[in-house]
Each structure stands twice: as structure tokens, then as C-alpha cells.
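Peer 1: Below: one structure in C-alpha cells.
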Amino acid sequence: MEFSGAPILVQSIAQQDVKSVVPPQYIQPPENRPIKPSTENATDHQIPTLDLATDSDSNLLRDEIRRACTDWGAFHVVNHGVPISLLDEIRKLGSFFFEDLPMAERLRYACDSNSPASEGYGSRMLVAANDSVLDWRDYFDHHTFPLSRRLPSKWPHFPSNYREVVEEYSDQIKLLAQKILGLISTSLGLSSSFIEDAMGELYQNITISYYPSCPQPELTLGLQSHSDMGFITLLIQDNVAGLQVSKDGEWVTVDPVSHAILVILGDQTEIITNGIYKSSQHRAITNASKPRLSVAAFHDPAKTTTVTPAFKPQRYHQVLYGDYVSSWYTKGPNGKRNIDALLI
Ligand SMILES: O=C(O)CCC(=O)C(=O)O
Ligand SMILES: [Fe+2]
């Protein structure tokens with residue numbers, strides 16, 4: 001796009017007439033390019049699914065959580081209490097924004113492309129790392145908690161229920177995040193409010209990501225390999241596969257399950273659990289035939305909060321969350337480089 005300050009959007013590139021090649025800044029170096037996952041042993045590589053209808057005090061659920069967090073750092077939850085109709089509604093809003101609104105209308109909500117994590121419509125995750133390869137993804141980021149950050153007037157006006165649905169989704173997903181943080185805490189013998197208390201005021205961002213179909217999926221990534229910075233991310237996807245989590249050095253595709261919510265452990269959970277639970281390294285791949293949509297709700301502490309391991313001997317340095325975020329945006333994620341730098 002030519003206007004200064006406006007983000008360069010993947011959708012505008014994908015819609016151009018010359019569709020057979022991607023611009024060079026989207027081409028990953030050979031070592032990061034996706035390789036088709038082997039279909040052998042596919043059934044051995046399904047991320048775990050936890051049924052939250054099981055009594056949350058039961059040892060069974062705690063054992064399952066412990067196993068899923070230790071082995072994967074990511075798992076699906078079902079019977080999670082968030083109405084399935086609400087999951088469908090927010091996916092519908094996302095598709096409407098990216099597929100039905102004209103570009104000129106979408107650009108009314110453009111984020112400030114010079115400041116990291118600014119609210120609105122954009123494409124570039126990193127600002128300072130000018131030399132990094134770009135992701136084949138556009139997004140709309142909503143600031144939803146604390147309520148003082150929630151300004152629905154900055155969100156799309158169409159369809160008319162857009163803001164109401166995002167607010168409802170934000171409230172419901174926050175309750176689920178708090179429940180899961182409680183389960184994670186008790187699964188380690190901590191009090192159920194331990195992580196929530198350590199987190200202090202909860203910050204939530206909801207990012208709808210849109211990955212246009214890509215003429216050269218073998219050369220690109222929708223989202224580069226990273227772990228999420230905060231405590232936990234709750235993610236839903238549409239019916240197009242593309243999210244992969246790293247498991248024992250291999251990339252495993254997370255099959256879309258429309259009624260399930262994917263829990264992704266973030267770096268602050270790795271720190272507070274002293275590495276007993278590891279944050280999940282994940283990425284998104286692209287495909288040549290269909291666009292893909294996901295909705296991620298991130299749950300983070302305030303930038304003034306210091307996160308410290310709950311167990312001794314400490315294997316990670318404590319960190320001021322604001323410093324962690326600045327370093328992540330400046331250096332880029334590069335897999336789990338940022339959390340690895342805190343290892344003692
Ligand atoms: O789109 C996806 O499935 C992944 C999104 C994600 O990992 C993120 O936004 O941090
Ligand atoms: Fe992520």
C-alpha cells in the first residue's frame with residue numbers, strides 16, 4: 001500500500017494479478033521452510049484433548065493436565081463452558097471483516113505499524129527487526145482487558161453485532177483462562193489462585209489472524225516459529241489446518257476441531273513453573289488453495305509485574321514482564337530464544 005504509515009497487508013499482495021510468486025521478503029531461509037509432515041504414525045501424534053466436564057477436583061483431570069502440560073505444552077479442551085455458538089459467531093465476524101469488507105473500509109481500522117502490539121488491522125508482528133522475513137498473515141488485534149483498555153469504538157462497526165460478540169467472547173474466554181490457570185496451579189500442588197495471584201491484573205488481547213491462500217506455501221510461513229510471551233493463549237481455528245506445534249523436535253499439525261479450544265502455554269507459565277511445564281513452540285503454515293482464520297486470546301501480566309519461579313532451586317531468572325516484551329519485539333521470537341536466555 002502506498003500511503004505512509006499504513007501497514008503493508010498480505011491480502012493486498014495476494015489479490016494482485018501476478019499470483020504465481022511471493023515477494024522475496026516473504027521467502028523463508030531453507031532451514032525454516034515447512035516440510036510436509038510424514039503421515040506415518042499420524043495417530044501417535046495427536047495433541048491431547050481434555051474434557052473439562054470431568055469434575056475439576058478430580059485427580060484424573062489433574063493428572064491429565066499434568067501430562068498434557070509436561071509432554072506438549074498445548075492441548076485441546078472440550079466441554080469448556082464457552083457456548084459453541086459464540087465460537088462460531090466470532091469466526092463469522094472475522095471472515096466478514098477480512099473477506100466481505102472492502103479494503104478501504106478495513107484500512108479505517110489500521111493499527112499504528114510503528115508500534116508493537118498496537119490495536120487494529122495490520123500485518124507485521126515485529127517492528128524493530130527490519131531484516132526479518134515477513135509472515136504471510138494479516139490480523140486484527142483487540143485490546144480487551146483490563147476494561148480500561150477496552151474501547152469498542154476502535155473496532156469494526158459492521159456487522160452491527162461485531163463489538164457485542166467480541167466483548168462477550170472476551171469475558172467468557174477470560175473466565176475459562178482463569179479456570180485453566182487454576183487447574184495448572186493445582187496440578188503442581190500450588191493453591192488454585194497461585195498463578196492468577198502472581199499474574200496480578202490480567203491483560204487480554206484478542207487477535208483474529210487471517211492467512212490468505214499463498215501461491216508458494218513451500219517457501220513461506222503464515223507465522224514464524226515462536227512461543228507466546230504471556231501465561232496462556234486460548235485459540236480457535238476455522239476448518240483449514242495450518243497450526244503446527246513442536247513435539248520432540250517434530251512439527252505436528254493441530255487438526256481443527258470446531259467445538260474445541262486449544263490451550264497454549266506461554267513463556268511466563270514456563271518461568272513460574274520453573275520449567276516443569278514448557279511453553280509450546282508453534283508456527284502457522286500456509287496453503288495454496290484456501291485462506292485460514294484463527295482467533296487467539298492472549299492472557300498476560302501487566303508490564304510492571306515481575307514473574308519469578310515458584311520452586312527452588314530456581315532454573316530461570318525472574319523477569320520484569322515489560323522487559324521481556326521489549327526484548328521479544330526487538331530481537332524477534334526465533335523459536336524460544338527469549339525464554340532460553342533466562343535459563344540459569
Ligand atoms: O493462527 C494460528 O493458528 C496461530 C496464531 C499464533 O500462534 C499467535 O498469534 O501467536
Ligand atoms: Fe502464538
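We label chains A, B, ... in the order they appear in the C-alpha cells, count residues from 1 in each chain, and number ligands from 1 in the order shown.
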Could you give me the residues within 9 Å of ligand 1, counting only C-alpha atoms and all ligand atoms, as a PyMOL selection string?
Peer 2: chain A and resi 137+139+207-211+222-229+233+235-237+241-244+254+264+281-285+292-298
Peer 1: If you run DSSP over the backbone, which residues in stretch 20-165 of chain A end up strand (DSSP E)? Put them as a list in words.
Peer 2: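 Going through stretch 20-165 of chain A, the strand (DSSP E) residues come out as Thr49, Leu50, Asp51, Ala74, Phe75, His76, Val77, Val78, Gly120, Tyr121, Gly122, Asp138, Tyr139, Phe140, Asp141, His142, His143, Thr144 and Phe145 of chain A.
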Peer 1: Taking only residues of stretch 215-270 of chain A that have an atom at most 12 Å from an atom of stretch 195-206 of chain A, what is each one's shortest atom pair and its distance in Å to one decimal, using only C-alpha atoms, in chain and number order, as a tab-separated table?
Peer 2:
```
residue	atom	partner	partner_atom	distance
A:Gly230	CA	A:Tyr203	CA	9.2
A:Phe231	CA	A:Met199	CA	8.2
A:Ile232	CA	A:Gln204	CA	10.0
A:Thr233	CA	A:Gln204	CA	9.3
A:Leu234	CA	A:Ile206	CA	9.4
A:Leu235	CA	A:Ile206	CA	9.4
A:Ile236	CA	A:Ile206	CA	11.1
A:Gln268	CA	A:Met199	CA	9.0
A:Thr269	CA	A:Ile195	CA	8.2
A:Glu270	CA	A:Ile195	CA	11.4
```
Peer 1: Of the candidates A:Val78, A:Leu183, A:Leu265, A:Val165, which one gets nearest to ligand 2 if we count only C-alpha atoms and all ligand atoms?
Peer 2: A:Leu265
Peer 1: Among stretch 26-275 of chain A, which residues does DSSP mark as helix (DSSP H, G or I) when it is run on the backbone? Keep the chain and numbering as in the structure and answer as a PyMOL selection string.
Peer 2: chain A and resi 26+30-32+42-45+59-71+84-100+103-109+147-149+152-154+162-187+194-199+267-272
Peer 1: When you look at A:Glu105 with a cut-off of 12 Å (counting only C-alpha atoms), what residues show up, excluding the ones that are within fewer than 3 positions of it in the same chain? I need them as a compact mmCIF listing (two decimals) with N, CA and C atoms, in the first residue's frame.
Peer 2:
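In the end it all went to result.txt:
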```txt
# COMPACT_ATOMS: atom_id res chain seq x y z
N PHE A 96 -16.07 -12.06 7.97
CA PHE A 96 -16.74 -10.89 7.39
C PHE A 96 -15.75 -9.75 7.23
N PHE A 97 -14.99 -9.49 8.28
CA PHE A 97 -14.04 -8.37 8.22
C PHE A 97 -13.03 -8.57 7.09
N PHE A 98 -12.42 -9.76 7.03
CA PHE A 98 -11.33 -9.96 6.06
C PHE A 98 -11.83 -10.25 4.64
N GLU A 99 -13.04 -10.82 4.52
CA GLU A 99 -13.46 -11.25 3.19
C GLU A 99 -14.57 -10.41 2.58
N ASP A 100 -15.37 -9.78 3.41
CA ASP A 100 -16.53 -9.06 2.85
C ASP A 100 -16.38 -7.55 2.89
N LEU A 101 -15.60 -7.03 3.83
CA LEU A 101 -15.44 -5.57 3.86
C LEU A 101 -14.46 -5.14 2.78
N PRO A 102 -14.73 -4.04 2.10
CA PRO A 102 -13.75 -3.55 1.11
C PRO A 102 -12.47 -3.10 1.83
N ARG A 108 -9.67 1.77 7.57
CA ARG A 108 -10.09 2.74 8.59
C ARG A 108 -9.65 2.30 9.98
N TYR A 109 -9.39 0.98 10.11
CA TYR A 109 -9.01 0.45 11.42
C TYR A 109 -7.52 0.08 11.48
N ALA A 110 -6.73 0.62 10.55
CA ALA A 110 -5.30 0.24 10.50
C ALA A 110 -4.62 0.56 11.82
N TYR A 121 -5.95 -3.25 12.66
CA TYR A 121 -5.70 -4.08 11.47
C TYR A 121 -4.27 -3.89 11.01
N TRP A 155 -13.16 -0.72 17.21
CA TRP A 155 -13.34 -1.99 16.49
C TRP A 155 -14.32 -1.79 15.35
N PRO A 156 -14.34 -2.74 14.41
CA PRO A 156 -15.24 -2.59 13.26
C PRO A 156 -16.70 -2.36 13.66
N HIS A 157 -17.37 -1.56 12.85
CA HIS A 157 -18.78 -1.24 13.10
C HIS A 157 -19.72 -2.24 12.43
N PHE A 158 -19.18 -3.04 11.51
CA PHE A 158 -20.02 -3.99 10.78
C PHE A 158 -19.46 -5.39 10.93
```
Peer 1: Hey, which of A:Glu167, A:Trp251, A:Met125, A:Ser213 ends up closest to ligand 2? Count only C-alpha atoms and all ligand atoms.
Peer 2: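 Distance minimum relative to ligand 2 lands on A:Met125.
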Peer 1: If we count only C-alpha atoms and set the cut-off at 10 Å, which residues sit around A:Leu61, ignoring sequence neighbours fewer than 6 positions away in its own chain? Please answer as a PyMOL selection string.
Peer 2: chain A and resi 50-55+67+183+187
Peer 1: Under the rule that only C-alpha atoms are counted, which of A:Asp255, A:Pro34, A:Val307, A:Phe140 is the nearest residue to A:Ser95?
Peer 2: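 Closest to A:Ser95, using only C-alpha atoms: A:Phe140.
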Peer 1: Tell me which of A:Asp323, A:Leu343, A:Thr330, A:Ser279 sits closest to A:Ala68, counting only C-alpha atoms.
Peer 2: A:Ser279
Peer 1: In Å, rounded to a single decimal, give me how far atom CA of A:Glu119 is from atom CA of A:Asp141.
Peer 2: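 If I compute the distance from atom CA of A:Asp141 to atom CA of A:Glu119, I get 5.1 Å.
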Peer 1: So that I can check the surroundings of A:His317, please list as a ChimeraX atom specification every protein, DNA and RNA residue that reaches within 10 Å of it, counting only C-alpha atoms and ignoring chain neighbours fewer than 2 positions away.
Peer 2: /A:271,274,307-309,314-315,319-320,339,341-344
Peer 1: Go through A:His299, A:Lys92, A:Arg66, A:His80 one by one, measure the shortest atom-to-atom distance of each to ligand 2 using only C-alpha atoms and all ligand atoms, and give the residue with the smallest value.
Peer 2: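 Looking only at the distances to ligand 2, the closest residue turns out to be A:His299.
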Peer 1: Could you tell me how far atom CA of A:Ser258 sits from atom CA of A:Leu87, in Å to one decimal place?
Peer 2: 8.2 Å
